[in-house]
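Colleague: My structure is in model18.txt, and what it holds is compact mmCIF, C-alpha atoms:
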```
# COMPACT_ATOMS: atom_id res chain seq x y z
CA MET A 1135 5.80 35.02 16.34
CA LEU A 1136 3.50 32.38 17.83
CA PRO A 1137 3.77 29.55 15.25
CA ASP A 1138 0.96 27.53 16.84
CA ILE A 1139 -1.51 30.28 15.93
CA GLU A 1140 -2.33 29.56 12.30
CA LEU A 1141 -4.82 32.27 11.42
CA ASN A 1142 -6.31 30.80 8.26
CA SER A 1143 -7.03 27.45 9.96
CA MET A 1144 -9.27 29.11 12.55
CA THR A 1145 -13.05 29.16 12.66
CA LEU A 1146 -14.91 32.45 12.97
CA GLU A 1147 -15.50 31.81 16.66
CA GLU A 1148 -11.81 31.05 17.24
CA LEU A 1149 -10.73 34.21 15.42
CA LYS A 1150 -13.10 36.39 17.45
CA LYS A 1151 -11.83 34.85 20.68
CA LEU A 1152 -8.22 35.37 19.62
CA MET A 1153 -8.85 39.02 18.85
CA THR A 1154 -10.24 39.70 22.32
CA GLU A 1155 -7.30 37.83 23.87
CA LEU A 1156 -4.94 40.09 21.91
CA GLY A 1157 -6.76 43.18 23.15
CA GLU A 1158 -8.62 43.84 19.91
CA GLN A 1159 -12.33 44.05 19.18
CA ALA A 1160 -14.04 40.78 18.24
CA PHE A 1161 -15.26 42.07 14.87
CA ARG A 1162 -11.64 42.08 13.67
CA GLY A 1163 -11.89 38.28 13.78
CA GLU A 1164 -14.83 38.39 11.41
CA GLN A 1165 -12.91 40.66 9.05
CA LEU A 1166 -10.03 38.20 9.00
CA PHE A 1167 -12.37 35.23 8.46
CA ILE A 1168 -13.98 36.94 5.45
CA TYR A 1169 -10.58 37.94 4.07
CA PHE A 1170 -9.29 34.35 4.16
CA ASN A 1171 -12.43 32.42 3.29
CA LYS A 1172 -14.43 34.69 1.01
CA ASN A 1173 -11.80 36.89 -0.62
CA ASN A 1174 -9.06 34.27 -1.21
CA GLY A 1175 -6.71 36.33 0.92
CA LEU A 1176 -3.35 35.12 2.20
CA ASP A 1177 -1.17 38.21 2.64
CA ILE A 1178 -2.20 40.20 5.72
CA ASN A 1179 -0.60 43.28 4.17
CA GLU A 1180 -3.28 43.20 1.49
CA ALA A 1181 -6.18 43.02 3.93
CA THR A 1182 -6.91 46.71 3.54
CA THR A 1183 -10.15 46.59 5.51
CA LEU A 1184 -7.90 46.21 8.56
CA PRO A 1185 -5.94 49.13 10.03
CA LEU A 1186 -2.26 49.16 9.11
CA LYS A 1187 -1.10 49.06 12.73
CA PHE A 1188 -3.31 46.05 13.42
CA ARG A 1189 -1.97 44.24 10.34
CA GLU A 1190 1.59 44.78 11.52
CA GLU A 1191 0.81 43.49 15.01
CA ILE A 1192 -1.08 40.41 13.90
CA ARG A 1193 1.62 39.51 11.39
CA GLU A 1194 4.23 39.53 14.14
CA LYS A 1195 2.19 37.31 16.47
CA THR A 1196 0.69 34.70 14.14
CA THR A 1197 1.27 32.77 10.92
CA VAL A 1198 -0.72 32.34 7.70
CA LYS A 1199 -0.11 29.01 5.99
CA GLU A 1200 0.20 28.92 2.21
CA ILE A 1201 0.44 26.27 -0.48
CA LYS A 1202 1.78 26.75 -4.00
CA ILE A 1203 0.82 25.23 -7.34
CA LEU A 1204 3.70 22.97 -8.30
CA GLU A 1205 2.24 21.33 -11.38
CA LYS A 1206 -1.03 21.45 -13.29
CA LEU A 1207 -2.19 18.82 -15.76
CA GLU A 1208 -5.27 19.27 -17.97
CA SER A 1209 -6.92 16.23 -19.48
CA LYS A 1210 -7.39 16.11 -23.24
CA LEU A 1211 -10.17 13.54 -22.77
CA ASP A 1212 -12.49 15.59 -20.56
CA ASP A 1213 -12.50 18.70 -18.37
CA THR A 1214 -10.54 17.14 -15.52
CA VAL A 1215 -7.62 19.15 -14.14
CA LYS A 1216 -5.09 17.71 -11.70
CA TYR A 1217 -2.99 19.84 -9.38
CA LEU A 1218 0.17 19.12 -7.45
CA PHE A 1219 0.61 21.50 -4.53
CA LEU A 1220 3.84 22.26 -2.69
CA LEU A 1221 3.47 22.77 1.06
CA GLU A 1222 5.63 25.05 3.17
CA ASP A 1223 7.64 22.08 4.50
CA ASN A 1224 8.28 20.89 0.91
CA ASN A 1225 5.82 18.01 1.10
CA VAL A 1226 3.61 17.48 -1.95
CA ILE A 1227 -0.12 16.80 -2.17
CA GLU A 1228 -2.59 16.63 -5.03
CA SER A 1229 -6.15 17.69 -5.82
CA VAL A 1230 -8.44 16.97 -8.75
CA LEU A 1231 -10.98 19.31 -10.33
CA MET A 1232 -13.83 17.66 -12.24
CA LYS A 1233 -16.53 19.33 -14.32
CA TYR A 1234 -20.03 17.90 -14.40
CA GLU A 1235 -23.34 19.17 -15.73
CA HIS A 1236 -24.25 20.35 -12.23
CA GLY A 1237 -21.01 22.30 -11.77
CA TYR A 1238 -17.46 21.83 -10.52
CA THR A 1239 -16.38 19.23 -7.99
CA ILE A 1240 -13.01 19.16 -6.24
CA CYS A 1241 -11.40 16.09 -4.74
CA VAL A 1242 -9.49 17.32 -1.68
CA SER A 1243 -6.56 15.66 0.10
CA THR A 1244 -6.59 15.48 3.90
CA GLN A 1245 -3.13 14.03 4.60
CA VAL A 1246 0.34 13.85 3.10
CA GLY A 1247 0.29 10.18 2.14
CA CYS A 1248 -1.85 7.67 3.99
CA ARG A 1249 -1.30 4.88 6.49
CA MET A 1250 -4.38 2.80 5.71
CA GLY A 1251 -2.44 0.54 3.32
CA CYS A 1252 -5.18 -0.30 0.79
CA ARG A 1253 -3.30 -2.39 -1.76
CA PHE A 1254 -4.79 -0.91 -4.93
CA CYS A 1255 -4.35 2.75 -3.90
CA ALA A 1256 -1.32 4.81 -4.92
CA SER A 1257 -1.87 7.32 -2.09
CA THR A 1258 -0.77 4.87 0.57
CA ARG A 1259 2.59 4.00 -1.01
CA GLY A 1260 5.25 5.31 1.36
CA GLY A 1261 2.77 5.59 4.22
CA LYS A 1262 1.53 8.66 6.03
CA VAL A 1263 3.90 11.61 6.40
CA ARG A 1264 1.60 13.95 8.34
CA ASP A 1265 -1.90 15.37 8.64
CA LEU A 1266 -2.92 18.48 6.74
CA THR A 1267 -4.13 21.49 8.67
CA ALA A 1268 -7.54 22.99 7.93
CA SER A 1269 -5.96 25.83 5.93
CA GLU A 1270 -4.00 23.39 3.76
CA MET A 1271 -7.30 21.72 2.86
CA LEU A 1272 -9.13 25.02 2.37
CA ASN A 1273 -6.40 26.43 0.17
CA GLN A 1274 -6.74 23.54 -2.26
CA VAL A 1275 -10.26 24.81 -2.92
CA TYR A 1276 -9.42 28.50 -2.91
CA MET A 1277 -6.32 28.26 -5.11
CA ILE A 1278 -8.04 26.16 -7.76
CA GLU A 1279 -11.01 28.54 -7.83
CA LYS A 1280 -8.64 31.46 -8.24
CA ASP A 1281 -6.48 29.72 -10.86
CA MET A 1282 -9.44 28.59 -12.97
CA ASN A 1283 -11.69 31.62 -12.27
CA ILE A 1284 -14.56 29.34 -11.28
CA THR A 1285 -16.82 28.60 -8.32
CA ILE A 1286 -16.60 25.10 -6.87
CA ASN A 1287 -20.01 23.63 -6.05
CA ASN A 1288 -19.17 20.25 -4.54
CA ILE A 1289 -16.38 18.91 -2.35
CA VAL A 1290 -15.27 15.31 -2.09
CA LEU A 1291 -12.88 14.38 0.72
CA MET A 1292 -11.56 11.50 -1.30
CA GLY A 1293 -8.07 12.64 -2.27
CA MET A 1294 -4.87 11.55 -0.55
CA GLY A 1295 -5.32 10.40 3.03
CA GLU A 1296 -8.04 9.05 5.30
CA PRO A 1297 -10.22 11.98 6.46
CA LEU A 1298 -11.30 10.27 9.68
CA ASP A 1299 -7.66 9.65 10.57
CA ASN A 1300 -7.28 13.46 10.59
CA TYR A 1301 -10.59 13.99 12.32
CA GLU A 1302 -10.25 17.37 14.05
CA ASN A 1303 -8.74 19.18 11.06
CA THR A 1304 -11.28 17.61 8.70
CA ILE A 1305 -14.21 18.71 10.87
CA LYS A 1306 -12.77 22.21 11.11
CA PHE A 1307 -12.32 22.34 7.33
CA MET A 1308 -15.97 21.40 6.75
CA HIS A 1309 -17.18 23.88 9.36
CA ILE A 1310 -15.21 26.74 7.76
CA ILE A 1311 -16.03 25.94 4.11
CA HIS A 1312 -19.73 25.73 5.04
CA HIS A 1313 -19.90 29.01 6.98
CA PRO A 1314 -22.20 31.68 5.44
CA LYS A 1315 -19.52 34.34 5.86
CA GLY A 1316 -17.08 32.19 3.89
CA ARG A 1317 -17.77 29.95 0.89
CA ASN A 1318 -21.20 28.92 2.22
CA ILE A 1319 -21.01 25.46 0.63
CA SER A 1320 -23.89 23.32 1.83
CA TYR A 1321 -23.02 20.28 3.94
CA ARG A 1322 -25.19 18.34 1.51
CA ASN A 1323 -22.66 19.17 -1.20
CA ILE A 1324 -19.81 17.61 0.77
CA THR A 1325 -18.91 13.91 0.60
CA LEU A 1326 -16.48 12.28 3.01
CA SER A 1327 -14.94 8.98 1.96
CA THR A 1328 -13.57 6.61 4.58
CA CYS A 1329 -12.22 3.08 4.60
CA GLY A 1330 -14.33 2.54 7.70
CA ILE A 1331 -12.88 3.80 11.00
CA ILE A 1332 -15.95 2.85 12.98
CA PRO A 1333 -15.52 4.93 16.18
CA LYS A 1334 -15.07 8.07 14.10
CA ILE A 1335 -18.20 7.31 12.06
CA TYR A 1336 -20.18 7.43 15.30
CA ASP A 1337 -18.44 10.69 16.22
CA LEU A 1338 -19.21 12.15 12.80
CA ALA A 1339 -22.88 11.32 13.18
CA GLN A 1340 -22.94 13.54 16.28
CA GLU A 1341 -21.46 16.59 14.54
CA ASP A 1342 -24.74 17.92 13.11
CA MET A 1343 -23.17 18.04 9.66
CA PRO A 1344 -25.51 16.27 7.20
CA ILE A 1345 -22.75 15.41 4.73
CA THR A 1346 -22.75 12.32 2.50
CA LEU A 1347 -20.79 9.44 4.04
CA SER A 1348 -19.02 7.25 1.50
CA ILE A 1349 -17.67 3.88 2.63
CA SER A 1350 -14.82 2.20 0.76
CA LEU A 1351 -16.16 -1.35 0.97
CA HIS A 1352 -14.57 -3.19 -2.00
CA SER A 1353 -15.68 -6.63 -0.78
CA PRO A 1354 -18.72 -7.90 1.15
CA PHE A 1355 -16.62 -10.63 2.83
CA ASP A 1356 -14.30 -9.97 5.77
CA HIS A 1357 -11.69 -12.53 4.68
CA TYR A 1358 -11.46 -11.03 1.18
CA ARG A 1359 -11.54 -7.45 2.40
CA LYS A 1360 -8.55 -8.19 4.64
CA LYS A 1361 -6.51 -9.12 1.58
CA ILE A 1362 -6.73 -5.62 0.14
CA MET A 1363 -7.66 -3.40 3.12
CA PRO A 1364 -5.68 -3.75 6.38
CA VAL A 1365 -8.40 -1.81 8.23
CA ALA A 1366 -10.58 -4.93 7.88
CA TYR A 1367 -8.40 -6.71 10.44
CA ARG A 1368 -9.61 -4.23 13.03
CA TYR A 1369 -13.23 -3.67 12.03
CA LYS A 1370 -15.71 -6.31 10.87
CA ILE A 1371 -18.13 -5.60 8.05
CA SER A 1372 -21.09 -6.41 10.35
CA ASP A 1373 -19.95 -3.71 12.77
CA LEU A 1374 -19.39 -1.31 9.88
CA MET A 1375 -22.98 -1.87 8.72
CA GLU A 1376 -24.26 -1.06 12.22
CA ALA A 1377 -22.27 2.19 12.16
CA CYS A 1378 -23.78 3.02 8.75
CA LYS A 1379 -27.30 2.43 10.08
CA TYR A 1380 -26.56 4.67 13.04
CA TYR A 1381 -25.23 7.41 10.75
CA PHE A 1382 -28.31 7.27 8.52
CA ASN A 1383 -30.72 7.29 11.47
CA LYS A 1384 -28.90 10.24 13.00
CA THR A 1385 -28.46 12.36 9.86
CA GLY A 1386 -31.06 11.11 7.39
CA ARG A 1387 -28.34 11.03 4.75
CA ARG A 1388 -28.07 8.11 2.34
CA ILE A 1389 -24.83 6.11 2.55
CA THR A 1390 -22.67 5.45 -0.50
CA PHE A 1391 -20.64 2.25 -0.89
CA GLU A 1392 -17.54 2.67 -3.03
CA TYR A 1393 -16.79 -0.68 -4.65
CA THR A 1394 -13.60 -0.99 -6.71
CA MET A 1395 -14.08 -3.97 -9.00
CA VAL A 1396 -11.17 -6.38 -9.47
CA ASP A 1397 -11.45 -9.20 -11.98
CA GLY A 1398 -12.06 -12.60 -10.35
CA PHE A 1399 -11.72 -11.15 -6.86
CA ASN A 1400 -14.90 -9.28 -5.97
CA ASP A 1401 -16.99 -9.39 -9.16
CA ARG A 1402 -18.38 -12.91 -8.74
CA LYS A 1403 -21.96 -14.05 -8.26
CA GLU A 1404 -21.39 -14.73 -4.55
CA ASP A 1405 -20.09 -11.20 -4.14
CA VAL A 1406 -23.17 -9.54 -5.56
CA GLU A 1407 -25.45 -11.88 -3.57
CA GLU A 1408 -23.67 -10.95 -0.33
CA LEU A 1409 -23.82 -7.25 -1.24
CA ILE A 1410 -27.57 -7.54 -1.65
CA LYS A 1411 -27.80 -9.06 1.84
CA LEU A 1412 -25.71 -6.25 3.32
CA ALA A 1413 -27.90 -3.64 1.68
CA LYS A 1414 -31.06 -4.81 3.44
CA GLY A 1415 -32.30 -2.20 5.88
CA LEU A 1416 -29.90 0.44 4.59
CA ASN A 1417 -30.69 3.49 2.52
CA LEU A 1418 -27.68 3.37 0.25
CA HIS A 1419 -26.21 3.85 -3.17
CA ILE A 1420 -23.49 1.64 -4.63
CA ASN A 1421 -20.81 3.20 -6.82
CA LEU A 1422 -18.99 0.58 -8.90
CA ILE A 1423 -15.44 1.62 -9.79
CA PRO A 1424 -13.53 -0.35 -12.45
CA LEU A 1425 -10.02 -0.83 -11.08
CA ASN A 1426 -7.47 1.76 -12.15
CA PRO A 1427 -4.37 -0.46 -12.10
CA ILE A 1428 -1.15 0.62 -10.38
CA LYS A 1429 2.16 -1.20 -10.78
CA GLU A 1430 2.28 -2.28 -7.12
CA PHE A 1431 -1.03 -4.20 -7.37
CA ASP A 1432 -1.39 -7.14 -9.75
CA GLY A 1433 -5.18 -7.03 -10.04
CA THR A 1434 -6.95 -6.19 -13.30
CA ARG A 1435 -10.29 -4.59 -14.04
CA PRO A 1436 -13.21 -6.83 -15.06
CA LYS A 1437 -14.66 -6.84 -18.55
CA LYS A 1438 -17.26 -4.15 -19.17
CA SER A 1439 -19.88 -6.85 -19.70
CA ASN A 1440 -19.20 -8.32 -16.25
CA ILE A 1441 -19.47 -4.91 -14.60
CA LYS A 1442 -22.77 -4.30 -16.38
CA ILE A 1443 -24.19 -7.65 -15.22
CA PHE A 1444 -23.06 -6.91 -11.65
CA ARG A 1445 -24.85 -3.56 -11.73
CA GLU A 1446 -28.02 -5.03 -13.21
CA LEU A 1447 -28.25 -7.68 -10.48
CA LEU A 1448 -28.03 -4.97 -7.82
CA GLN A 1449 -30.60 -2.80 -9.57
CA GLU A 1450 -32.99 -5.75 -9.91
CA ASN A 1451 -32.95 -5.88 -6.12
CA ASN A 1452 -33.86 -2.18 -5.91
CA ILE A 1453 -30.36 -1.04 -4.94
CA PRO A 1454 -29.43 2.24 -6.70
CA THR A 1455 -26.17 1.52 -8.49
CA THR A 1456 -23.96 3.46 -10.85
CA ILE A 1457 -20.68 2.79 -12.63
CA ARG A 1458 -18.23 5.59 -12.01
CA ARG A 1459 -17.23 7.40 -15.17
CA GLU A 1460 -13.47 7.37 -15.55
CA MET A 1461 -12.10 10.90 -15.62
CA GLY A 1462 -8.62 12.25 -16.26
CA ALA A 1463 -7.24 8.88 -17.33
CA ASP A 1464 -4.54 10.54 -19.43
CA ILE A 1465 -3.25 12.63 -16.48
CA SER A 1466 -2.95 9.97 -13.76
CA GLY A 1467 -6.47 10.76 -12.62
CA SER A 1468 -6.62 8.43 -9.64
CA CYS A 1469 -5.61 9.52 -6.14
CA GLY A 1470 -1.90 9.52 -5.44
CA GLN A 1471 -0.65 8.57 -8.90
CA LEU A 1472 0.60 11.98 -9.95
CA ARG A 1473 2.32 12.61 -6.60
CA ARG A 1474 3.95 9.19 -6.68
CA ASP A 1475 5.25 9.77 -10.20
CA TYR A 1476 6.56 13.22 -9.24
CA LEU A 1477 8.39 11.96 -6.14
CA SER A 1478 9.93 9.05 -7.99
CA ASN A 1479 11.35 11.40 -10.65
CA ASN A 1480 12.66 14.09 -8.28
```
For the file at hand, write its structure as structure tokens.

Modeller:
Amino acid sequence: MLPDIELNSMTLEELKKLMTELGEQAFRGEQLFIYFNKNNGLDINEATTLPLKFREEIREKTTVKEIKILEKLESKLDDTVKYLFLLEDNNVIESVLMKYEHGYTICVSTQVGCRMGCRFCASTRGGKVRDLTASEMLNQVYMIEKDMNITINNIVLMGMGEPLDNYENTIKFMHIIHHPKGRNISYRNITLSTCGIIPKIYDLAQEDMPITLSISLHSPFDHYRKKIMPVAYRYKISDLMEACKYYFNKTGRRITFEYTMVDGFNDRKEDVEELIKLAKGLNLHINLIPLNPIKEFDGTRPKKSNIKIFRELLQENNIPTTIRREMGADISGSCGQLRRDYLSNN
């Protein structure tokens, strides 16, 4: 067995190349790609479009990575479903399925844990364990579709982990999930959320993938952002705004600012005034997120009236702004909470 060859993490082009290197015809690579990414296949023995002898040979020389449903929680408040997945090395990740009027959206994890250290986020507690491979990201989508008997329309890379800290696997995931011979999900239906790793934003702009870029901003001031987001020590907001402009000019895709609101910290008049200044010259949308408290962070969410005033001030300055609807509150709906609770009890 060649453990480095993980079949279901490979692009169509990689699979075709591998087949020719193994002395097979290139079209076998396309058959494998369709089996994994269109037919929800995982067991090579069940890929009956492939000759038996070929299946035996490929199984001996390569691996197919799987994940298993460990726990499934269904919200009684809405149609949100949260999954805990067990990886082959016994690490645990989570995904969230949300139902909207326009269809199903899945929040996908890109890492086991996270090393970004944002203070209000449960995903980062315990740090980063490792990156996920492309197949471990893909299988979150495929297994939930299979379990729920649905078709997922939109993907949000906003689960556990920082996608741009696992850049190569994240790009490969998006390339595969978009491919017409696989799920054929439009790049425009994919959102990538980042805390702002500036060099990788420039790299992403060059990928010819017109996805939606979502920036976890959470404060318009560097000195306040540093208090809750360690990444702010490395990258200034002014430089982040330049990267956003570059991304928009390169892709034509509107930027989203994720803004978790913490009472008395970033919901003040000076905060909204500075946000308005930052928004000048940018085609953006601001998503206000009332804080979902975790025990390790002593902040509280603002009053609903304060959040509404904050939104109205932004809208009066022609900045599209929404307040995120809380989903799955009764099943630890926010990223990392369910995994953290599971690990602490096992």

Colleague: At what distance in Å, to one decimal, does CA of Ile1389 (chain A) lie from CA of Leu1448 (chain A)?

Modeller: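 We find that CA of Leu1448 (chain A) and CA of Ile1389 (chain A) lie 15.5 Å from each other.
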
Colleague: Point out the residue among A:Leu1447, A:Ile1284, A:Ile1178, A:Leu1231 with the least atom-to-atom distance to Ile1410 (chain A), counting all atoms listed in the file.

Modeller: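 Between A:Leu1447, A:Ile1284, A:Ile1178, A:Leu1231, the residue approaching Ile1410 (chain A) most closely is A:Leu1447.
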
Colleague: Between CA of Leu1204 (chain A) and CA of Tyr1217 (chain A), measure the distance and give it in Å to one decimal.

Modeller: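 So the answer is 7.5 Å.
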
Colleague: Within 12 Å of (-5.0, 2.5, -3.4) (coordinates as in the file), grab all the protein and nucleic acid residues, counting all atoms listed in the file, and write them out as JSON, numbers by chain.

Modeller: {"A": [1247, 1248, 1249, 1250, 1251, 1252, 1253, 1254, 1255, 1256, 1257, 1258, 1259, 1260, 1261, 1292, 1293, 1294, 1295, 1296, 1329, 1350, 1352, 1362, 1363, 1364, 1394, 1425, 1426, 1427, 1428, 1429, 1430, 1431, 1433, 1468, 1469, 1470, 1471, 1474]}

Colleague: To one decimal place in Å, what is the distance between CA of Val1230 (chain A) and CA of Val1215 (chain A)?

Modeller: 5.9 Å

Colleague: Would you mind telling me which residue in A:Met1232, A:Ile1345, A:Leu1166, A:Ala1181 lies nearest to Leu1211 (chain A) when using only C-alpha atoms?

Modeller: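 When distances to Leu1211 (chain A) are compared using only C-alpha atoms, the smallest one comes from A:Met1232.
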
Colleague: For Ala1377 (chain A), find every residue with an atom within 7 Å (counting all atoms listed in the file), except residues of its own chain fewer than 4 positions away, and show them as a list of chain:residue names.

Modeller: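 The residues that qualify are A:Ile1332, A:Ile1335, A:Tyr1336, A:Asp1373, A:Tyr1381.
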
Colleague: Rank A:Asn1452, A:Ser1348, A:Asn1173, A:Asn1400 by their smallest atom-to-atom distance to Gly1330 (chain A), using all atoms listed in the file, and report the top residue only.

Modeller: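 Comparing A:Asn1452, A:Ser1348, A:Asn1173, A:Asn1400 against Gly1330 (chain A), the winner is A:Ser1348.
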
Colleague: Go through A:Thr1145, A:Gln1245, A:Asn1179, A:Asn1283 and flag the residue nearest Leu1298 (chain A), using all atoms listed in the file for the distances.

Modeller: A:Gln1245

Colleague: Restricting the calculation to all atoms listed in the file: of A:Asn1142, A:Thr1154, A:Ser1243, A:Thr1346, which residue gets closest to Phe1167 (chain A)?

Modeller: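 Ranked by minimum distance to Phe1167 (chain A), first place goes to A:Asn1142.
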
Colleague: Could you give me, as a PDB file with C-alpha atoms, in the frame of the given file, the residues within 12 Å of Lys1195 (chain A), counting all atoms listed in the file and dropping anything in the same chain fewer than 3 positions from it?

Modeller:
```pdb
ATOM      1  CA  MET A1135       5.800  35.020  16.340  1.00  0.00           C
ATOM      2  CA  LEU A1136       3.500  32.380  17.830  1.00  0.00           C
ATOM      3  CA  PRO A1137       3.770  29.550  15.250  1.00  0.00           C
ATOM      4  CA  ASP A1138       0.960  27.530  16.840  1.00  0.00           C
ATOM      5  CA  ILE A1139      -1.510  30.280  15.930  1.00  0.00           C
ATOM      6  CA  GLU A1140      -2.330  29.560  12.300  1.00  0.00           C
ATOM      7  CA  LEU A1141      -4.820  32.270  11.420  1.00  0.00           C
ATOM      8  CA  LEU A1152      -8.220  35.370  19.620  1.00  0.00           C
ATOM      9  CA  MET A1153      -8.850  39.020  18.850  1.00  0.00           C
ATOM     10  CA  LEU A1156      -4.940  40.090  21.910  1.00  0.00           C
ATOM     11  CA  ILE A1178      -2.200  40.200   5.720  1.00  0.00           C
ATOM     12  CA  PHE A1188      -3.310  46.050  13.420  1.00  0.00           C
ATOM     13  CA  ARG A1189      -1.970  44.240  10.340  1.00  0.00           C
ATOM     14  CA  GLU A1190       1.590  44.780  11.520  1.00  0.00           C
ATOM     15  CA  GLU A1191       0.810  43.490  15.010  1.00  0.00           C
ATOM     16  CA  ILE A1192      -1.080  40.410  13.900  1.00  0.00           C
ATOM     17  CA  VAL A1198      -0.720  32.340   7.700  1.00  0.00           C
TER      18      VAL A1198
END
```

Colleague: Determine, counting only C-alpha atoms, every residue of protein, DNA or RNA that lies within 8 Å of (-23.3, -1.0, -6.0) in the file coordinates, then give the result as a list of chain:residue names.

Modeller: A:Phe1391, A:Glu1392, A:Tyr1393, A:Leu1409, A:His1419, A:Ile1420, A:Asn1421, A:Leu1422, A:Arg1445, A:Leu1448, A:Ile1453, A:Pro1454, A:Thr1455, A:Thr1456

Colleague: Let me make sure I understand: among A:Lys1206, A:His1313, A:Lys1187, A:Lys1414, which one has the smallest atom-to-atom distance to Met1277 (chain A) if we use only C-alpha atoms?

Modeller: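 Using only C-alpha atoms, Met1277 (chain A) sits closest to A:Lys1206.
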
Colleague: For Arg1402 (chain A), list every protein, DNA or RNA residue within 12 Å, evaluated using only C-alpha atoms, and leave out those in the same chain fewer than 4 positions away; present the list as a PDB file with C-alpha atoms, in the frame of the given file.

Modeller:
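Full text of around-v2.pdb as output:
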```pdb
ATOM      1  CA  SER A1353     -15.680  -6.630  -0.780  1.00  0.00           C
ATOM      2  CA  PRO A1354     -18.720  -7.900   1.150  1.00  0.00           C
ATOM      3  CA  PHE A1355     -16.620 -10.630   2.830  1.00  0.00           C
ATOM      4  CA  MET A1395     -14.080  -3.970  -9.000  1.00  0.00           C
ATOM      5  CA  VAL A1396     -11.170  -6.380  -9.470  1.00  0.00           C
ATOM      6  CA  ASP A1397     -11.450  -9.200 -11.980  1.00  0.00           C
ATOM      7  CA  GLY A1398     -12.060 -12.600 -10.350  1.00  0.00           C
ATOM      8  CA  VAL A1406     -23.170  -9.540  -5.560  1.00  0.00           C
ATOM      9  CA  GLU A1407     -25.450 -11.880  -3.570  1.00  0.00           C
ATOM     10  CA  GLU A1408     -23.670 -10.950  -0.330  1.00  0.00           C
ATOM     11  CA  LEU A1409     -23.820  -7.250  -1.240  1.00  0.00           C
ATOM     12  CA  PRO A1436     -13.210  -6.830 -15.060  1.00  0.00           C
ATOM     13  CA  ASN A1440     -19.200  -8.320 -16.250  1.00  0.00           C
ATOM     14  CA  ILE A1441     -19.470  -4.910 -14.600  1.00  0.00           C
ATOM     15  CA  ILE A1443     -24.190  -7.650 -15.220  1.00  0.00           C
ATOM     16  CA  PHE A1444     -23.060  -6.910 -11.650  1.00  0.00           C
ATOM     17  CA  ARG A1445     -24.850  -3.560 -11.730  1.00  0.00           C
ATOM     18  CA  LEU A1447     -28.250  -7.680 -10.480  1.00  0.00           C
TER      19      LEU A1447
END
```

Colleague: Just want the 12 Å neighbourhood of Asp1223 (chain A), counted on all atoms listed in the file, with same-chain residues fewer than 5 positions away dropped. Output as a CSV table (one decimal) with C-alpha atoms, in the coordinates of the input.

Modeller:
```csv
chain,number,residue,atom,x,y,z
A,1199,LYS,CA,-0.1,29.0,6.0
A,1200,GLU,CA,0.2,28.9,2.2
A,1201,ILE,CA,0.4,26.3,-0.5
A,1202,LYS,CA,1.8,26.8,-4.0
A,1246,VAL,CA,0.3,13.8,3.1
A,1263,VAL,CA,3.9,11.6,6.4
A,1264,ARG,CA,1.6,14.0,8.3
A,1266,LEU,CA,-2.9,18.5,6.7
A,1270,GLU,CA,-4.0,23.4,3.8
```

Colleague: Which residues of region 1290-1314 of chain A sit at most 10 Å from region 1271-1275 of chain A, using only C-alpha atoms? Give each one's shortest atom pair and distance in Å (one decimal place), in chain and ascending residue order, as CSV.

Modeller:
```
residue,atom,partner,partner_atom,distance
A:Leu1291,CA,A:Met1271,CA,9.5
A:Asn1303,CA,A:Met1271,CA,8.7
A:Thr1304,CA,A:Met1271,CA,8.2
A:Lys1306,CA,A:Leu1272,CA,9.9
A:Phe1307,CA,A:Leu1272,CA,6.5
A:Met1308,CA,A:Leu1272,CA,8.9
A:Ile1310,CA,A:Leu1272,CA,8.3
A:Ile1311,CA,A:Leu1272,CA,7.2
```

Colleague: Please produce a file of the residues just selected, as a PDB file, in the frame of the given file, where the atoms kept are C-alpha atoms.

Modeller:
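That gives us result_21.pdb:
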```
ATOM      1  CA  LEU A1291     -12.880  14.380   0.720  1.00  0.00           C
ATOM      2  CA  ASN A1303      -8.740  19.180  11.060  1.00  0.00           C
ATOM      3  CA  THR A1304     -11.280  17.610   8.700  1.00  0.00           C
ATOM      4  CA  LYS A1306     -12.770  22.210  11.110  1.00  0.00           C
ATOM      5  CA  PHE A1307     -12.320  22.340   7.330  1.00  0.00           C
ATOM      6  CA  MET A1308     -15.970  21.400   6.750  1.00  0.00           C
ATOM      7  CA  ILE A1310     -15.210  26.740   7.760  1.00  0.00           C
ATOM      8  CA  ILE A1311     -16.030  25.940   4.110  1.00  0.00           C
TER       9      ILE A1311
END
```

Colleague: Which centre and edge lengths in Å to one decimal define the box along x, y and z that fits every listed atom of region 1444-1461 of chain A plus 6 Å per side, as JSON?

Modeller:
```
{"center_x": -23.0, "center_y": 1.6, "center_z": -10.3, "size_x": 33.8, "size_y": 30.6, "size_z": 22.7}
```
